[in-house]
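Right, one structure below, let's go through it.
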Amino acid sequence: MRVIALKVLRSFWSKRGDAEQPLLAWHDEVSQARWKQPADIKAHYRSASILKNRRVVFNIKGNDYCLVVALAYNTGLVFGKFIGTHKAYDAIDAETVEPE
């Protein structure tokens, strides 16, 4: 998969340094993945939440943070939409949120 989110991720870990290594690890794993359907994601990330609108929520750093992405399975693209604490995540609509 090709992750179109590094700017969003960098911006977040510049404020929360403890998220840098977990996000880089996630990025590396996803960059090597070849997902064709949601079941492919669940096979590797059991705690991922599959939402409508091709959105997926990943738990980052032992569930300290939530990462929302949108996927284009046919082109292999992963678009970063949101990264934040659970409190911040609870305040958004994960199915429609866009990066600021």
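The chains in the structure tokens are called A, B, ... from first to last as shown; in each chain the residues are counted from 1, and the ligands are counted from 1 in the order shown.
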Got a sec: who's within 12 Å of stretch 11-18 of chain A, counting only C-alpha atoms, leaving out chain neighbours fewer than 2 positions off, as a compact mmCIF listing (two decimals) with N, CA, C and O atoms, in the first residue's frame?
# COMPACT_ATOMS: atom_id res chain seq x y z
N ALA A 5 0.08 10.01 4.00
CA ALA A 5 -0.28 10.52 5.32
C ALA A 5 0.93 10.95 6.12
O ALA A 5 0.78 11.39 7.25
N LEU A 6 2.11 10.82 5.57
CA LEU A 6 3.29 11.06 6.38
C LEU A 6 3.32 12.48 6.95
O LEU A 6 3.74 12.68 8.09
N LYS A 7 2.84 13.47 6.21
CA LYS A 7 2.81 14.84 6.72
C LYS A 7 1.90 14.94 7.94
O LYS A 7 2.25 15.58 8.94
N VAL A 8 0.75 14.29 7.87
CA VAL A 8 -0.19 14.28 9.00
C VAL A 8 0.44 13.59 10.21
O VAL A 8 0.37 14.08 11.33
N LEU A 9 1.11 12.47 9.96
CA LEU A 9 1.74 11.72 11.05
C LEU A 9 2.89 12.51 11.66
O LEU A 9 3.01 12.60 12.88
N GLU A 20 6.00 8.82 17.74
CA GLU A 20 6.82 8.72 16.52
C GLU A 20 7.15 7.28 16.15
O GLU A 20 6.87 6.85 15.02
N GLN A 21 7.76 6.53 17.04
CA GLN A 21 8.16 5.16 16.70
C GLN A 21 6.97 4.26 16.38
O GLN A 21 7.02 3.52 15.40
N PRO A 22 5.88 4.30 17.17
CA PRO A 22 4.73 3.47 16.81
C PRO A 22 4.14 3.84 15.44
O PRO A 22 3.73 2.96 14.67
N LEU A 23 4.10 5.13 15.12
CA LEU A 23 3.56 5.54 13.82
C LEU A 23 4.50 5.14 12.68
O LEU A 23 4.03 4.73 11.61
N LEU A 24 5.80 5.27 12.89
CA LEU A 24 6.74 4.82 11.86
C LEU A 24 6.64 3.32 11.64
O LEU A 24 6.70 2.84 10.50
N ILE A 60 -3.04 2.96 17.95
CA ILE A 60 -1.61 3.20 17.88
C ILE A 60 -1.04 3.32 19.29
O ILE A 60 -1.67 3.91 20.16
N LYS A 61 0.14 2.80 19.47
CA LYS A 61 0.86 2.85 20.75
C LYS A 61 0.03 2.26 21.88
O LYS A 61 -0.28 2.91 22.86
N GLY A 62 -0.29 1.01 21.71
CA GLY A 62 -1.03 0.31 22.76
C GLY A 62 -2.37 0.93 23.07
O GLY A 62 -2.80 0.97 24.22
N ASP A 64 -3.15 4.11 22.85
CA ASP A 64 -3.09 5.50 23.34
C ASP A 64 -3.66 6.48 22.33
O ASP A 64 -4.18 7.52 22.70
N TYR A 65 -3.53 6.15 21.04
CA TYR A 65 -3.95 7.05 19.97
C TYR A 65 -4.81 6.31 18.95
O TYR A 65 -4.70 5.10 18.80
N CYS A 66 -5.63 7.08 18.24
CA CYS A 66 -6.47 6.54 17.17
C CYS A 66 -6.04 7.17 15.85
O CYS A 66 -5.89 8.39 15.76
N LEU A 67 -5.86 6.34 14.85
CA LEU A 67 -5.51 6.79 13.51
C LEU A 67 -6.63 6.39 12.57
O LEU A 67 -6.97 5.21 12.46
N GLY A 80 -4.31 9.35 5.15
CA GLY A 80 -4.45 9.72 6.56
C GLY A 80 -5.50 10.79 6.72
O GLY A 80 -5.47 11.81 6.03
N LYS A 81 -6.45 10.57 7.60
CA LYS A 81 -7.53 11.52 7.82
C LYS A 81 -7.49 12.16 9.21
O LYS A 81 -7.86 13.31 9.37
N PHE A 82 -7.03 11.39 10.21
CA PHE A 82 -7.03 11.90 11.59
C PHE A 82 -6.09 11.07 12.43
O PHE A 82 -6.03 9.85 12.28
N ILE A 83 -5.38 11.73 13.32
CA ILE A 83 -4.62 11.04 14.37
C ILE A 83 -4.78 11.87 15.63
O ILE A 83 -4.67 13.10 15.61
N GLY A 84 -5.12 11.20 16.73
CA GLY A 84 -5.30 11.92 17.98
C GLY A 84 -5.55 10.98 19.13
O GLY A 84 -5.58 9.76 18.98
N THR A 85 -5.73 11.57 20.30
CA THR A 85 -6.04 10.81 21.49
C THR A 85 -7.46 10.27 21.38
O THR A 85 -8.24 10.69 20.51
N PRO A 99 -8.29 15.89 7.17
CA PRO A 99 -7.16 16.55 7.85
C PRO A 99 -7.35 18.06 7.87
O PRO A 99 -7.94 18.63 6.96
N GLU A 100 -6.83 18.66 8.92
CA GLU A 100 -6.95 20.13 9.03
C GLU A 100 -5.80 20.79 8.32
O GLU A 100 -4.77 20.27 8.13
message = I'd like the contact shell of A:Ile50 - 10 Å cut-off, only C-alpha atoms, skipping same-chain residues fewer than 4 positions apart - returned as a ChimeraX atom specification.
response = /A:38-39,41-42,54-58,68
request  = From the DSSP assignment of the backbone, select every residue of chain A that is strand (DSSP E), and format the answer as JSON, numbers by chain.
outcome  = {"A": [2, 3, 4, 49, 50, 55, 56, 57, 58, 59, 60, 65, 66, 67, 68, 69, 70, 71, 72, 77, 78, 79, 80, 81, 82, 83, 84, 85]}
key: Distance criterion (only C-alpha atoms): nearest to A:Asn63 out of A:Ala43, A:Ala33, A:Ala48, A:Leu77   =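 Closest to A:Asn63, using only C-alpha atoms: A:Ala48.
If you look at atom CA of A:Asn59 and atom CA of A:Tyr89, they are 11.0 Å away from each other.
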message = Considering only C-alpha atoms, can you say which of A:Ala70, A:Ala91, A:Val78, A:Trp35 comes closest to A:Leu51?
response = A:Ala70
request  = Check the DSSP output for the backbone and give back, as a PyMOL selection string, the residues of stretch 2-98 of chain A in alpha helix (DSSP H).
outcome  = chain A and resi 6-15+20-32+38-44+86-90
For the residues in the current selection, export C-alpha atoms as a PDB file, in the first residue's frame.
ATOM      1  CA  LEU A   6       3.289  11.063   6.377  1.00  0.00           C
ATOM      2  CA  LYS A   7       2.807  14.843   6.715  1.00  0.00           C
ATOM      3  CA  VAL A   8      -0.190  14.283   9.002  1.00  0.00           C
ATOM      4  CA  LEU A   9       1.737  11.716  11.045  1.00  0.00           C
ATOM      5  CA  ARG A  10       4.862  13.909  11.329  1.00  0.00           C
ATOM      6  CA  SER A  11       2.798  16.866  12.459  1.00  0.00           C
ATOM      7  CA  PHE A  12       1.260  14.735  15.199  1.00  0.00           C
ATOM      8  CA  TRP A  13       4.487  13.174  16.490  1.00  0.00           C
ATOM      9  CA  SER A  14       6.190  16.580  16.521  1.00  0.00           C
ATOM     10  CA  LYS A  15       3.730  17.436  19.307  1.00  0.00           C
ATOM     11  CA  GLU A  20       6.817   8.724  16.521  1.00  0.00           C
ATOM     12  CA  GLN A  21       8.164   5.165  16.701  1.00  0.00           C
ATOM     13  CA  PRO A  22       4.728   3.470  16.805  1.00  0.00           C
ATOM     14  CA  LEU A  23       3.565   5.542  13.820  1.00  0.00           C
ATOM     15  CA  LEU A  24       6.744   4.821  11.860  1.00  0.00           C
ATOM     16  CA  ALA A  25       6.308   1.103  12.601  1.00  0.00           C
ATOM     17  CA  TRP A  26       2.679   1.262  11.418  1.00  0.00           C
ATOM     18  CA  HIS A  27       3.757   3.124   8.276  1.00  0.00           C
ATOM     19  CA  ASP A  28       6.429   0.526   7.487  1.00  0.00           C
ATOM     20  CA  GLU A  29       4.021  -2.392   7.960  1.00  0.00           C
ATOM     21  CA  VAL A  30       1.269  -0.817   5.882  1.00  0.00           C
ATOM     22  CA  SER A  31       3.709   0.162   3.125  1.00  0.00           C
ATOM     23  CA  GLN A  32       4.527  -3.523   2.681  1.00  0.00           C
ATOM     24  CA  PRO A  38     -11.251  -5.154   4.781  1.00  0.00           C
ATOM     25  CA  ALA A  39     -10.709  -8.799   5.774  1.00  0.00           C
ATOM     26  CA  ASP A  40      -7.055  -8.429   4.737  1.00  0.00           C
ATOM     27  CA  ILE A  41      -6.640  -5.628   7.270  1.00  0.00           C
ATOM     28  CA  LYS A  42      -8.398  -7.554  10.039  1.00  0.00           C
ATOM     29  CA  ALA A  43      -6.124 -10.543   9.417  1.00  0.00           C
ATOM     30  CA  HIS A  44      -3.121  -8.461  10.478  1.00  0.00           C
ATOM     31  CA  HIS A  86      -9.176   8.850  22.277  1.00  0.00           C
ATOM     32  CA  LYS A  87     -10.711  12.006  23.726  1.00  0.00           C
ATOM     33  CA  ALA A  88     -10.079  13.864  20.455  1.00  0.00           C
ATOM     34  CA  TYR A  89     -11.314  10.853  18.470  1.00  0.00           C
ATOM     35  CA  ASP A  90     -14.570  10.822  20.443  1.00  0.00           C
TER      36      ASP A  90
END
message = Taking only C-alpha atoms into account, name the residue in A:Ile92, A:Ser49, A:Leu71, A:Val97 that is nearest to A:Arg2.
response = A:Leu71
